[in-house]
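Following: one structure in structure tokens, then a few remarks.
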Amino acid sequence: MRHGKYPFIIGFLVVPVALYAVFVVWAYIQAFYLSVYEWSGLGPVEHFVGLDNFRKMWDDTTFWQSIKHNIFLLVFLPLITVVLALVFAFLLNVGGGHKGGVTRGVWGSKVYRIIFFFPQLLALAIVAVIFGRVFGPDKSGMINGLFPESWSPWLFLADERYAMGCILVVLVWQAVGFYVVLFSAGMGNIPTEVYEAAAIDGATRVTLFFRITIPLLWNTIQVAWVYLGIAAFDAFALVNIMTVDRGGPDGATSVLSLMIYRNAFEFSQAGYASALGVVLFFLTLTFAALTLRVTRRESLEA
Amino acid sequence: MTDIFPKPELDRRTLLRRAAAVGLLATPAVGMLSACVGSSDEGTQDQATGTKSADNPLGIDPKAGVEIVIFNGGLGTDYATKVDTPLFNKKWPEAKVTYSQTEEISTVIQPRINGGNPPDMINNSGSKLMDFGAIVKAGQAADLTDLFAAPSLDIQGKTVADTLVPGAIEQGSYDGKPFAVNYSYTVFGLWYNATLFKKNSWTPPTTWAEFTALCDKMKAAGVVPFGYAGANASYYMVRAILTSAGKIGTEQVLKDIDNLKEGAWTNDAIKQAAEAWAGIGKNYINKTFLGLRHTEVQLQQNQDKVGFYPCGSWLENEQAKDTPKGFEYAIAAYPSVTAADKLPATAINAAAGEIYFAAAKGKNPQGGKEYLRTMLSKEAALEFTKLTKSLTVVAGASDGQTISPGLTSANDAVTKAGKDIFMGYLFDTWYKKLDDESRAAANDLMFKDYDAAKFCERMEKASQAVAKDSSVTKFTRS
């Protein structure tokens, strides 16, 4: 070991680790502490109530509604985003076939690569406002404005059956670009000899996709799935800005993160909000651990 | 062959050594525990005091600075910078007023309250306002009894309390003690375009039958007869329903709701009001309004696409930039629902709003109260009305002034109502969860199922849940 390596490393790590410990780790510990108190968010913390907040949560219908919506996002967001991102990444890297010894993407893929990434660059709040207008429930909304005059306008976010679907659409729209880039990078690592060999053996694009690309990208897909699952537990900005009365027509788009925010800052029940935060923490952790476990495969070396 | 699985550098000894090193690093981090929330050691800071006298009834220190924070919203901030602060400094030239404005009161002020150094006078308003009940309970709002007992700044021979409209002080009182000055006086009712009505010879209705007949006429003319914004302003609709209920059964019905009395929401008055409004929702409202924001519906009214809009007298000022020439705002009292309404058709719901309070633990709470006394003078109130087109709680401050059609109309409605003015309800500021539930229930009633019985039962259930929830502070009113 080179002499003086450790002090050098520690010197650079001290500040980031300290910041992380104070603002992230300590915040989590405080949340656990507050969850067993009944505190309004103002003044001193004094009223210890043990597990009462959790009992209250069990009986709260809004809580179960929110969990349901989060699970809806949890199932569909990673699924749709990963599928779309894989398809696009495949088309952008391998879809153009094999020409002169180099696998290339479809025509124009250099431009597509940049355009697909644009949604990621927009701030989430701006995306929410824009899509609020796109999904406007009367003729001045973008989609409704494109329908023929005789159709009565679709209610989108004002319709409790489809409001959550609209949120899902926006989340997918924003996320796909990033994962296209991620998977493109992953695909770049797959040596072209493998593709060539398969092509020589008469593999079609579809076979290439399912037999070569996906297995070799498995680690990346796994990571993407976990990230998207964590994002599905969030969705706060979109629901807060886009939906009717924050939480959808009568709780139809309520999500756990929104519940935490409202309980802490609007209903002055910071203790209950912390308890919700603790539940969110465990849910996210469980999901991440489960996903990594279930989708584990032997890592392949190329 | 390259090492596929490199030998890990970490063995037991190294791990323990490194863990000890991290532990040592963590010790200074303990010092950062002062970022702990809810520190109990609050040590009151030195507060400015002076000697009381006839000219200085609140006993402020004439040299101590006063820090004020104003919410920048529908009323703007000009009244503070151009009227109140100069007026305050005319009397107290040595007391420097430090002014700041924000659009997010709770984001800016709540941390300062928790940290023990709040500003002296705070305008608690806007969509991000702080839960005032919680602030009072935590002892962070100064008791304003001495303010209201002090003589008025420019009305000779009267105390501040005497100069205000009835009910103004009660609205800012919690358990009998006043903690807030509710400054603006808002008149609620059905707002419409007087020019449009004159053109079509429509007259505002006094009975419900007249109301529905007029709605039919408006529908035939291609105007949506009634509308409100379901996406973010359904509390306007809650007020419409409860005002009608108040007219059927007097304000007592609303007081019972505020006091979380059992059966308050299933009272006949509420049921009848809900049924009447559900009828309007079924036949005369545009379904898409559920997804629209208040500015969008208000804009449609400016374009003469919407007839009646339930709102308060801030509406004219809020739409000032978009109102086309020739559009004249006018207000109509809600029509009587039944022939047996206990209050006449002219009865109006008018309430003081816009909370201003002095922080109890600031550096100069008495200075904050003196600033409030300045705002409650006749001169400041008149200038406020001129700037914001909103009435104030200082009675008669703008009598005889024509400022704008909407304001004149509101003033007329108040005069016509005479003694039949009621303040309404307070549960929407006291119990936020109940307020939330009422908004969702109103949207359901008007857009989804038009079921008045369901509305009443749902609110009754929520009300009783709040009553039984010991984590919520309870207030009462008589």
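FYI, nothing fancy with the structure tokens labels: chains A, B, ... in order, residues from 1 per chain, ligands from 1 as they appear.
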| request: Show me which bits of chain A are within 6 Å of chain B, counting only C-alpha atoms, as a VMD selection string. | output: chain A and resid 43 to 45 137 to 138 158 244 to 245 250 267
| request: Could you tell me, as an MDAnalysis selection string, which residues of region 230-412 of chain B DSSP assigns to helix (DSSP H, G or I) when given the backbone? | output: chainID B and resid 234:249 252:258 268:284 287:291 294:302 315:318 365:375 378:388 405:412
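All residues of protein, DNA or RNA that reach within 12 Å of Ile29 (chain A), judged by only C-alpha atoms and not counting those fewer than 4 positions away in the chain, are Ala21, Val22, Phe23, Val24, Val25, Tyr33, Leu34, Ser35, Val36, Ser274, Ala275, Gly277, Val278 and Phe281 of chain A; Leu33, Cys36 and Val37 of chain B.
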Output for the residues just chosen: C-alpha atoms as a PDB file, in the first residue's frame:
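Saved result, again25.pdb, follows:
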ATOM      1  CA  ALA A  21     -24.393  11.960   7.992  1.00  0.00           C
ATOM      2  CA  VAL A  22     -25.984  15.190   9.176  1.00  0.00           C
ATOM      3  CA  PHE A  23     -28.523  15.823   6.465  1.00  0.00           C
ATOM      4  CA  VAL A  24     -29.496  12.306   5.498  1.00  0.00           C
ATOM      5  CA  VAL A  25     -28.649   9.768   8.178  1.00  0.00           C
ATOM      6  CA  TYR A  33     -37.620   9.530  16.979  1.00  0.00           C
ATOM      7  CA  LEU A  34     -40.505  11.829  16.053  1.00  0.00           C
ATOM      8  CA  SER A  35     -42.743   8.994  14.918  1.00  0.00           C
ATOM      9  CA  VAL A  36     -43.390   7.932  18.491  1.00  0.00           C
ATOM     10  CA  SER A 274     -42.872  11.021  10.651  1.00  0.00           C
ATOM     11  CA  ALA A 275     -44.598   7.705  11.284  1.00  0.00           C
ATOM     12  CA  GLY A 277     -42.103   8.463   6.724  1.00  0.00           C
ATOM     13  CA  VAL A 278     -40.886   5.462   8.688  1.00  0.00           C
ATOM     14  CA  PHE A 281     -38.582   3.999   4.491  1.00  0.00           C
TER      15      PHE A 281
ATOM     16  CA  LEU B  33     -26.875  17.889  17.034  1.00  0.00           C
ATOM     17  CA  CYS B  36     -32.016  18.783  16.422  1.00  0.00           C
ATOM     18  CA  VAL B  37     -35.595  19.613  16.001  1.00  0.00           C
TER      19      VAL B  37
END
| Within 7 Å of region 89-91 of chain A, counting only C-alpha atoms, which residues qualify if same-chain residues fewer than 6 places away don't, as a PyMOL selection string? | chain A and resi 105-106+180+183-184
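Among the candidate residues B:Ala359, B:Leu190, B:Ala467, B:Leu58, the one lying nearest to Gly406 (chain B) is B:Leu190, with distances computed using only C-alpha atoms.
Computed from the coordinates, the CA of Arg205 (chain A) to CA of Glu193 (chain A) distance equals 15.2 Å.
For the residues A:Gly186, A:Gly108, A:Pro215, A:Gly229, ranking by smallest atom-to-atom distance to Leu283 (chain A) using only C-alpha atoms places A:Gly229 first.
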Within 10 Å of Ile230 (chain A) using only C-alpha atoms, minus same-chain residues under 2 positions, as a tab-separated table (two decimals) with N, CA and C atoms, in the first residue's frame:
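That gives us around12.tsv:
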chain	number	residue	atom	x	y	z
A	74	LEU	N	-45.71	1.37	-8.73
A	74	LEU	CA	-44.58	0.47	-8.54
A	74	LEU	C	-44.60	-0.66	-9.56
A	78	PRO	N	-41.83	0.85	-13.56
A	78	PRO	CA	-40.60	0.19	-14.01
A	78	PRO	C	-40.86	-0.64	-15.26
A	224	ALA	N	-31.88	-0.38	-13.00
A	224	ALA	CA	-32.92	0.52	-13.48
A	224	ALA	C	-34.24	0.22	-12.80
A	225	TRP	N	-34.55	-1.05	-12.62
A	225	TRP	CA	-35.81	-1.43	-11.99
A	225	TRP	C	-35.89	-0.90	-10.57
A	226	VAL	N	-34.77	-1.01	-9.84
A	226	VAL	CA	-34.79	-0.53	-8.47
A	226	VAL	C	-34.97	0.98	-8.42
A	227	TYR	N	-34.23	1.70	-9.27
A	227	TYR	CA	-34.35	3.16	-9.30
A	227	TYR	C	-35.77	3.58	-9.61
A	228	LEU	N	-36.38	2.92	-10.61
A	228	LEU	CA	-37.73	3.31	-10.99
A	228	LEU	C	-38.72	2.96	-9.89
A	232	ALA	N	-41.25	5.42	-8.00
A	232	ALA	CA	-42.69	5.16	-7.89
A	232	ALA	C	-43.19	5.43	-6.49
A	233	PHE	N	-42.31	5.33	-5.50
A	233	PHE	CA	-42.74	5.63	-4.14
A	233	PHE	C	-42.77	7.13	-3.91
A	234	ASP	N	-42.31	7.90	-4.88
A	234	ASP	CA	-42.25	9.35	-4.69
A	234	ASP	C	-43.42	10.03	-5.38
A	235	ALA	N	-43.24	10.44	-6.64
A	235	ALA	CA	-44.33	11.06	-7.42
A	235	ALA	C	-44.95	12.25	-6.73
A	283	LEU	N	-40.84	0.37	3.38
A	283	LEU	CA	-41.39	-0.12	2.12
A	283	LEU	C	-40.35	-0.05	1.01
A	284	THR	N	-39.69	1.12	0.92
A	284	THR	CA	-38.70	1.29	-0.13
A	284	THR	C	-37.55	0.31	0.03
A	285	LEU	N	-37.08	0.17	1.26
A	285	LEU	CA	-35.97	-0.74	1.52
A	285	LEU	C	-36.34	-2.17	1.16
A	287	PHE	N	-38.65	-3.20	-0.91
A	287	PHE	CA	-38.77	-3.35	-2.35
A	287	PHE	C	-37.39	-3.51	-2.99
A	288	ALA	N	-36.45	-2.63	-2.59
A	288	ALA	CA	-35.12	-2.69	-3.20
A	288	ALA	C	-34.46	-4.03	-2.91
| request: Determine which residues of region 241-470 of chain B receive a DSSP assignment of strand (DSSP E or B), computed from the backbone, and state them as a PyMOL selection string. | output: chain B and resi 306-312+329-332+336+348-359+391-392+394+421-422
Produce a file of the selected residues containing C-alpha atoms, as an mmCIF file, in the first residue's frame.
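Saved result, out_4.cif, follows:
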data_model
loop_
_atom_site.group_PDB
_atom_site.id
_atom_site.type_symbol
_atom_site.label_atom_id
_atom_site.label_comp_id
_atom_site.auth_asym_id
_atom_site.auth_seq_id
_atom_site.Cartn_x
_atom_site.Cartn_y
_atom_site.Cartn_z
ATOM 1 C CA VAL B 306 -69.914 31.993 -16.960
ATOM 2 C CA GLY B 307 -72.802 33.735 -15.215
ATOM 3 C CA PHE B 308 -72.653 33.420 -11.419
ATOM 4 C CA TYR B 309 -69.445 32.741 -9.515
ATOM 5 C CA PRO B 310 -69.417 32.236 -5.747
ATOM 6 C CA CYS B 311 -66.574 34.264 -4.307
ATOM 7 C CA GLY B 312 -65.487 37.029 -1.969
ATOM 8 C CA TYR B 329 -68.416 43.269 -11.042
ATOM 9 C CA ALA B 330 -71.542 43.130 -8.891
ATOM 10 C CA ILE B 331 -72.522 40.917 -6.005
ATOM 11 C CA ALA B 332 -75.841 39.296 -5.241
ATOM 12 C CA SER B 336 -83.444 32.153 -0.116
ATOM 13 C CA ILE B 348 -75.191 38.352 3.805
ATOM 14 C CA ASN B 349 -72.139 36.419 4.875
ATOM 15 C CA ALA B 350 -69.315 38.836 5.518
ATOM 16 C CA ALA B 351 -66.225 37.986 7.448
ATOM 17 C CA ALA B 352 -62.945 39.493 8.417
ATOM 18 C CA GLY B 353 -59.959 37.772 6.869
ATOM 19 C CA GLU B 354 -56.188 38.232 6.416
ATOM 20 C CA ILE B 355 -54.561 37.400 9.719
ATOM 21 C CA TYR B 356 -51.967 39.797 11.109
ATOM 22 C CA PHE B 357 -50.399 38.913 14.421
ATOM 23 C CA ALA B 358 -47.522 39.901 16.688
ATOM 24 C CA ALA B 359 -45.053 37.158 17.563
ATOM 25 C CA LEU B 391 -62.998 46.705 2.638
ATOM 26 C CA THR B 392 -61.380 46.652 6.053
ATOM 27 C CA VAL B 394 -62.514 49.544 10.439
ATOM 28 C CA ILE B 421 -74.792 39.905 8.574
ATOM 29 C CA PHE B 422 -73.228 36.759 9.883
#
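You will find CA of Asn70 (chain A) at 18.9 Å from CA of Tyr272 (chain A).
Among the candidate residues B:Ala194, B:Val165, B:Ile257, B:Val181, the one lying nearest to Asp143 (chain B) is B:Val181, with distances computed using only C-alpha atoms.
Residue nearest Glu266 (chain A), chosen from A:Leu157, A:Arg246, A:Ile115, A:Gly251 and counting only C-alpha atoms: A:Arg246.
The two atoms in question, CA of Glu328 (chain B) and CA of Pro405 (chain B), are spaced 6.0 Å apart.
Minimum atom-to-atom distances from A:Ala85, A:Leu276, A:Val169, A:Ala18 to Ile260 (chain A) were compared using only C-alpha atoms, and the lowest value belongs to A:Leu276.
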| message | Would you pick out the contacts of Asn144 (chain A) at 12 Å or less, using only C-alpha atoms, so that residues sharing its chain but fewer than 6 positions from it are not included, and give the list as number ranges by chain? | response | A: 133-138, 150-156; B: 288
Tell me which protein, DNA and RNA residues are within 8 Å of Trp39 (chain A), counting only C-alpha atoms, leaving out same-chain ones fewer than 3 positions away, and put them as a PDB file with C-alpha atoms, in the first residue's frame.
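The new file out27.pdb reads:
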ATOM      1  CA  LEU A  34     -40.505  11.829  16.053  1.00  0.00           C
ATOM      2  CA  LEU A  42     -44.369  24.026  16.349  1.00  0.00           C
ATOM      3  CA  VAL A  45     -41.547  17.942  21.311  1.00  0.00           C
ATOM      4  CA  GLU A  46     -43.063  16.514  24.447  1.00  0.00           C
ATOM      5  CA  HIS A  47     -46.023  14.206  24.021  1.00  0.00           C
ATOM      6  CA  SER A 268     -49.824  20.235  11.826  1.00  0.00           C
ATOM      7  CA  GLN A 269     -49.322  16.567  12.672  1.00  0.00           C
ATOM      8  CA  ALA A 270     -45.598  16.194  12.291  1.00  0.00           C
ATOM      9  CA  GLY A 271     -45.471  13.113  14.523  1.00  0.00           C
ATOM     10  CA  TYR A 272     -47.958  11.253  12.341  1.00  0.00           C
TER      11      TYR A 272
END
